$ cat data-v8.csv   # CSV, N, CA and C atoms
chain,number,residue,atom,x,y,z
O,1,MET,N,-3.3,10.2,-10.3
O,1,MET,CA,-3.3,8.9,-11.0
O,1,MET,C,-1.9,8.6,-11.5
O,2,ILE,N,-1.6,7.3,-11.3
O,2,ILE,CA,-0.3,6.9,-11.8
O,2,ILE,C,-0.4,6.5,-13.3
O,3,PRO,N,0.5,7.1,-14.1
O,3,PRO,CA,0.5,6.8,-15.5
O,3,PRO,C,0.8,5.3,-15.8
O,4,GLU,N,0.1,4.8,-16.8
O,4,GLU,CA,0.3,3.3,-17.1
O,4,GLU,C,1.7,3.0,-17.4
O,5,GLU,N,2.4,3.9,-18.0
O,5,GLU,CA,3.9,3.6,-18.3
O,5,GLU,C,4.7,3.4,-17.1
O,6,LEU,N,4.4,4.2,-16.0
O,6,LEU,CA,5.1,4.0,-14.8
O,6,LEU,C,4.7,2.7,-14.1
O,7,LEU,N,3.4,2.4,-14.1
O,7,LEU,CA,2.9,1.2,-13.5
O,7,LEU,C,3.6,0.0,-14.1
O,8,GLN,N,3.9,0.0,-15.3
O,8,GLN,CA,4.5,-1.1,-16.0
O,8,GLN,C,6.0,-1.4,-15.6
O,9,ILE,N,6.6,-0.3,-15.1
O,9,ILE,CA,8.0,-0.5,-14.7
O,9,ILE,C,8.2,-0.6,-13.1
O,10,LEU,N,7.2,-0.2,-12.4
O,10,LEU,CA,7.4,-0.2,-10.9
O,10,LEU,C,7.3,-1.7,-10.4
O,11,VAL,N,8.2,-1.9,-9.4
O,11,VAL,CA,8.3,-3.3,-8.8
O,11,VAL,C,8.5,-3.1,-7.3
O,12,CYS,N,8.2,-4.1,-6.6
O,12,CYS,CA,8.4,-4.1,-5.1
O,12,CYS,C,9.9,-3.9,-4.9
O,13,PRO,N,10.3,-3.0,-4.0
O,13,PRO,CA,11.7,-2.8,-3.8
O,13,PRO,C,12.4,-4.0,-3.0
O,14,GLU,N,11.6,-4.8,-2.4
O,14,GLU,CA,12.1,-5.9,-1.6
O,14,GLU,C,12.4,-7.2,-2.5
O,15,ASN,N,11.4,-7.6,-3.3
O,15,ASN,CA,11.6,-8.8,-4.0
O,15,ASN,C,11.5,-8.6,-5.6
O,16,LYS,N,11.3,-7.4,-6.0
O,16,LYS,CA,11.3,-7.0,-7.4
O,16,LYS,C,10.2,-7.6,-8.2
O,17,THR,N,9.1,-8.0,-7.5
O,17,THR,CA,7.9,-8.5,-8.3
O,17,THR,C,7.0,-7.3,-8.6
O,18,PRO,N,6.2,-7.5,-9.7
O,18,PRO,CA,5.3,-6.4,-10.1
O,18,PRO,C,4.3,-6.0,-9.0
O,19,VAL,N,3.8,-4.7,-9.2
O,19,VAL,CA,2.8,-4.2,-8.3
O,19,VAL,C,1.6,-3.8,-9.2
O,20,THR,N,0.4,-3.8,-8.6
O,20,THR,CA,-0.8,-3.3,-9.3
O,20,THR,C,-1.6,-2.4,-8.5
O,21,LEU,N,-2.4,-1.5,-9.1
O,21,LEU,CA,-3.2,-0.6,-8.3
O,21,LEU,C,-4.2,-1.3,-7.4
O,22,ALA,N,-4.3,-0.8,-6.2
O,22,ALA,CA,-5.3,-1.4,-5.2
O,22,ALA,C,-6.7,-1.0,-5.7
O,23,ASP,N,-7.6,-1.9,-5.5
O,23,ASP,CA,-9.0,-1.5,-5.8
O,23,ASP,C,-9.6,-0.6,-4.7
O,24,ASP,N,-10.7,0.0,-5.0
O,24,ASP,CA,-11.4,0.9,-4.1
O,24,ASP,C,-11.8,0.3,-2.8
O,25,ALA,N,-12.2,-1.0,-2.9
O,25,ALA,CA,-12.6,-1.7,-1.7
O,25,ALA,C,-11.5,-1.9,-0.7
O,26,LEU,N,-10.3,-2.2,-1.2
O,26,LEU,CA,-9.1,-2.4,-0.4
O,26,LEU,C,-8.7,-1.1,0.2
O,27,VAL,N,-8.7,0.0,-0.5
O,27,VAL,CA,-8.3,1.3,0.0
O,27,VAL,C,-9.3,1.7,1.1
O,28,GLN,N,-10.6,1.4,0.9
O,28,GLN,CA,-11.6,1.7,2.0
O,28,GLN,C,-11.3,0.9,3.2
O,29,ARG,N,-11.0,-0.4,3.1
O,29,ARG,CA,-10.7,-1.2,4.3
O,29,ARG,C,-9.5,-0.7,5.0
O,30,ILE,N,-8.5,-0.3,4.3
O,30,ILE,CA,-7.2,0.2,4.9
O,30,ILE,C,-7.6,1.5,5.6
O,31,ASN,N,-8.3,2.4,5.0
O,31,ASN,CA,-8.7,3.7,5.6
O,31,ASN,C,-9.5,3.5,6.9
O,32,GLU,N,-10.4,2.5,6.9
O,32,GLU,CA,-11.2,2.2,8.1
O,32,GLU,C,-10.2,1.7,9.2
O,33,ALA,N,-9.2,0.9,8.9
O,33,ALA,CA,-8.3,0.4,9.9
O,33,ALA,C,-7.4,1.6,10.4
O,34,ILE,N,-7.1,2.5,9.5
O,34,ILE,CA,-6.3,3.7,9.9
O,34,ILE,C,-7.1,4.6,10.8
O,35,HIS,N,-8.4,4.8,10.5
O,35,HIS,CA,-9.3,5.6,11.3
O,35,HIS,C,-9.4,4.9,12.7
O,36,ALA,N,-9.4,3.6,12.8
O,36,ALA,CA,-9.5,2.9,14.1
O,36,ALA,C,-8.2,2.8,14.8
O,37,LYS,N,-7.2,3.3,14.2
O,37,LYS,CA,-5.8,3.4,14.7
O,37,LYS,C,-5.3,1.9,15.0
O,38,THR,N,-5.6,1.0,14.2
O,38,THR,CA,-5.2,-0.4,14.4
O,38,THR,C,-4.2,-0.9,13.3
O,39,LEU,N,-3.8,0.0,12.4
O,39,LEU,CA,-3.0,-0.5,11.3
O,39,LEU,C,-1.6,0.1,11.5
O,40,ARG,N,-0.6,-0.8,11.4
O,40,ARG,CA,0.8,-0.4,11.4
O,40,ARG,C,1.5,-0.7,10.1
O,41,ASN,N,2.6,0.1,9.8
O,41,ASN,CA,3.4,-0.3,8.6
O,41,ASN,C,4.4,-1.3,9.0
O,42,ARG,N,5.2,-1.7,8.1
O,42,ARG,CA,6.2,-2.7,8.3
O,42,ARG,C,7.3,-2.3,9.4
O,43,GLY,N,7.5,-1.0,9.5
O,43,GLY,CA,8.4,-0.4,10.4
O,43,GLY,C,7.8,-0.4,11.8
O,44,GLY,N,6.5,-0.8,12.0
O,44,GLY,CA,5.9,-0.8,13.3
O,44,GLY,C,5.2,0.4,13.7
O,45,GLU,N,5.2,1.5,12.9
O,45,GLU,CA,4.6,2.7,13.2
O,45,GLU,C,3.1,2.7,12.9
O,46,VAL,N,2.3,3.2,13.8
O,46,VAL,CA,0.8,3.3,13.5
O,46,VAL,C,0.6,4.3,12.4
O,47,ILE,N,-0.2,3.9,11.4
O,47,ILE,CA,-0.5,4.8,10.3
O,47,ILE,C,-1.6,5.7,10.7
O,48,GLU,N,-1.4,7.0,10.5
O,48,GLU,CA,-2.4,7.9,11.0
O,48,GLU,C,-3.1,8.7,9.9
O,49,GLU,N,-2.5,8.8,8.7
O,49,GLU,CA,-3.1,9.6,7.6
O,49,GLU,C,-3.8,8.6,6.7
O,50,PRO,N,-5.1,8.9,6.3
O,50,PRO,CA,-5.8,8.1,5.3
O,50,PRO,C,-5.0,8.1,4.0
O,51,ILE,N,-5.2,7.0,3.2
O,51,ILE,CA,-4.5,6.9,1.9
O,51,ILE,C,-5.4,7.2,0.8
O,52,GLU,N,-4.8,7.7,-0.3
O,52,GLU,CA,-5.6,8.0,-1.5
O,52,GLU,C,-5.6,6.8,-2.5
O,53,GLY,N,-4.6,5.9,-2.3
O,53,GLY,CA,-4.5,4.7,-3.2
O,53,GLY,C,-3.3,4.0,-2.8
O,54,GLY,N,-3.0,2.9,-3.5
O,54,GLY,CA,-1.9,2.1,-3.2
O,54,GLY,C,-1.5,1.1,-4.3
O,55,LEU,N,-0.3,0.6,-4.2
O,55,LEU,CA,0.1,-0.4,-5.1
O,55,LEU,C,0.3,-1.7,-4.3
O,56,VAL,N,-0.3,-2.8,-4.8
O,56,VAL,CA,-0.3,-4.1,-4.1
O,56,VAL,C,0.8,-5.0,-4.8
O,57,ARG,N,1.7,-5.5,-3.9
O,57,ARG,CA,2.7,-6.5,-4.4
O,57,ARG,C,2.0,-7.7,-5.0
O,58,GLU,N,2.6,-8.3,-6.0
O,58,GLU,CA,2.1,-9.4,-6.8
O,58,GLU,C,1.5,-10.5,-5.9
O,59,ASP,N,2.2,-10.8,-4.8
O,59,ASP,CA,1.7,-11.9,-3.9
O,59,ASP,C,0.7,-11.5,-2.9
O,60,GLY,N,0.3,-10.2,-3.0
O,60,GLY,CA,-0.8,-9.7,-2.1
O,60,GLY,C,-0.4,-9.4,-0.7
O,61,ALA,N,0.9,-9.5,-0.4
O,61,ALA,CA,1.3,-9.4,1.0
O,61,ALA,C,1.4,-8.0,1.5
O,62,TYR,N,1.8,-7.1,0.7
O,62,TYR,CA,2.0,-5.7,1.1
O,62,TYR,C,1.4,-4.7,0.1
O,63,LEU,N,1.1,-3.5,0.6
O,63,LEU,CA,0.6,-2.4,-0.2
O,63,LEU,C,1.6,-1.2,0.1
O,64,TYR,N,2.0,-0.6,-1.0
O,64,TYR,CA,2.8,0.6,-1.0
O,64,TYR,C,1.8,1.8,-1.2
O,65,VAL,N,1.8,2.7,-0.3
O,65,VAL,CA,0.9,3.8,-0.3
O,65,VAL,C,1.2,4.8,-1.4
O,66,ILE,N,0.2,5.4,-2.0
O,66,ILE,CA,0.3,6.5,-2.9
O,66,ILE,C,-0.2,7.7,-2.2
O,67,ARG,N,0.7,8.7,-2.2
O,67,ARG,CA,0.4,10.0,-1.5
O,67,ARG,C,0.7,11.1,-2.6
O,68,ASP,N,-0.3,12.0,-2.8
O,68,ASP,CA,-0.1,13.1,-3.8
O,68,ASP,C,0.4,12.6,-5.1
O,69,ASP,N,-0.2,11.5,-5.5
O,69,ASP,CA,0.1,10.8,-6.8
O,69,ASP,C,1.5,10.3,-6.9
O,70,ILE,N,2.1,10.1,-5.8
O,70,ILE,CA,3.5,9.6,-5.8
O,70,ILE,C,3.5,8.3,-5.0
O,71,PRO,N,3.9,7.2,-5.6
O,71,PRO,CA,4.0,5.9,-4.8
O,71,PRO,C,5.2,6.0,-3.8
O,72,VAL,N,5.0,5.6,-2.6
O,72,VAL,CA,6.0,5.6,-1.5
O,72,VAL,C,6.5,4.1,-1.5
O,73,MET,N,7.6,3.9,-2.2
O,73,MET,CA,8.1,2.6,-2.4
O,73,MET,C,9.3,2.3,-1.4
O,74,LEU,N,9.0,2.4,-0.2
O,74,LEU,CA,9.9,2.2,0.9
O,74,LEU,C,9.5,0.9,1.7
O,75,ILE,N,10.3,0.0,1.9
O,75,ILE,CA,10.0,-1.3,2.5
O,75,ILE,C,9.3,-1.1,3.9
O,76,ASP,N,9.9,-0.2,4.7
O,76,ASP,CA,9.4,0.0,6.1
O,76,ASP,C,8.1,0.7,6.1
O,77,GLU,N,7.7,1.4,5.0
O,77,GLU,CA,6.5,2.2,4.9
O,77,GLU,C,5.3,1.3,4.3
O,78,ALA,N,5.7,0.1,3.9
O,78,ALA,CA,4.6,-0.8,3.3
O,78,ALA,C,3.6,-1.2,4.3
O,79,VAL,N,2.4,-1.4,3.9
O,79,VAL,CA,1.3,-1.8,4.7
O,79,VAL,C,1.1,-3.3,4.6
O,80,PRO,N,1.3,-4.1,5.7
O,80,PRO,CA,1.1,-5.6,5.6
O,80,PRO,C,-0.4,-5.8,5.5
O,81,LEU,N,-0.8,-6.5,4.4
O,81,LEU,CA,-2.2,-6.7,4.2
O,81,LEU,C,-2.7,-7.9,5.0
O,82,GLU,N,-1.8,-8.6,5.6
O,82,GLU,CA,-2.2,-9.7,6.5
O,82,GLU,C,-3.0,-9.1,7.7
O,83,ALA,N,-2.7,-7.9,8.1
O,83,ALA,CA,-3.3,-7.3,9.2
O,83,ALA,C,-4.8,-7.0,9.0
O,84,LEU,N,-5.2,-7.0,7.7
O,84,LEU,CA,-6.6,-6.7,7.4
O,84,LEU,C,-7.5,-7.9,7.4
O,85,LYS,N,-6.9,-9.1,7.4
O,85,LYS,CA,-7.7,-10.3,7.3
O,85,LYS,C,-8.4,-10.6,8.7
O,86,ASP,N,-9.6,-11.0,8.5
O,86,ASP,CA,-10.4,-11.3,9.7
O,86,ASP,C,-10.0,-12.6,10.4
$ encode --input "data-v8.csv" --output "structure tokens"
Amino acid sequence: MIPEELLQILVCPENKTPVTLADDALVQRINEAIHAKTLRNRGGEVIEEPIEGGLVREDGAYLYVIRDDIPVMLIDEAVPLEALKD
């Protein structure tokens, strides 16, 4: 779990806007897309490992994956949430 103090200072590395924890429903949708091998990160790579959580950019455009309780705040590793829309 990400400590609240850390959440308050973390921002998107691209546009410096705040990020918030992804809810369980979003994490589940992402993991379903990963299982189906239909989800790519911003760098174009297919995401193969399920995620345990994520941080959503303020505008809802991208999610930064949390792995082993560490947020991966790399622009190319971000998950475009547009890809999950029906």
$ residues_around --input "data-v8.csv" --residues "O:Gly54" --least-positions-apart "6" --cutoff "8 Å" --atoms "all atoms listed in the file" --output "list in words"
Val19, Thr20, Leu21, Ala22, Asp23, Leu26, Val27, Tyr62, Leu63, Tyr64, Val65, Ile66, Arg67, Pro71 and Val72 of chain O
$ residues_around --input "data-v8.csv" --residues "O:Ala33" --least-positions-apart "2" --cutoff "12 Å" --atoms "only C-alpha atoms" --output "ChimeraX atom specification"
/O:26-31,35-41,46-51,79-81,83-86
$ atom_distance --input "data-v8.csv" --atom1 "atom CA of O:Pro18" --atom2 "atom N of O:Ala61"
11.1 Å
$ select_by_dssp --input "data-v8.csv" --residues "chain O" --states "strand (DSSP E)" --output "VMD selection string"
chain O and resid 19 to 21 53 to 57 62 to 67 70 to 71 79 to 80
$ select_by_dssp --input "data-v8.csv" --residues "chain O" --states "alpha helix (DSSP H)" --output "list in words"
Glu4, Glu5, Leu6, Leu7, Gln8, Ile9, Asp24, Ala25, Leu26, Val27, Gln28, Arg29, Ile30, Asn31, Glu32, Ala33, Ile34 and His35 of chain O
$ atom_distance --input "data-v8.csv" --atom1 "atom C of O:Ile9" --atom2 "atom C of O:Asp59"
16.7 Å
$ atom_distance --input "data-v8.csv" --atom1 "atom CA of O:Ile2" --atom2 "atom N of O:Asp76"
20.7 Å
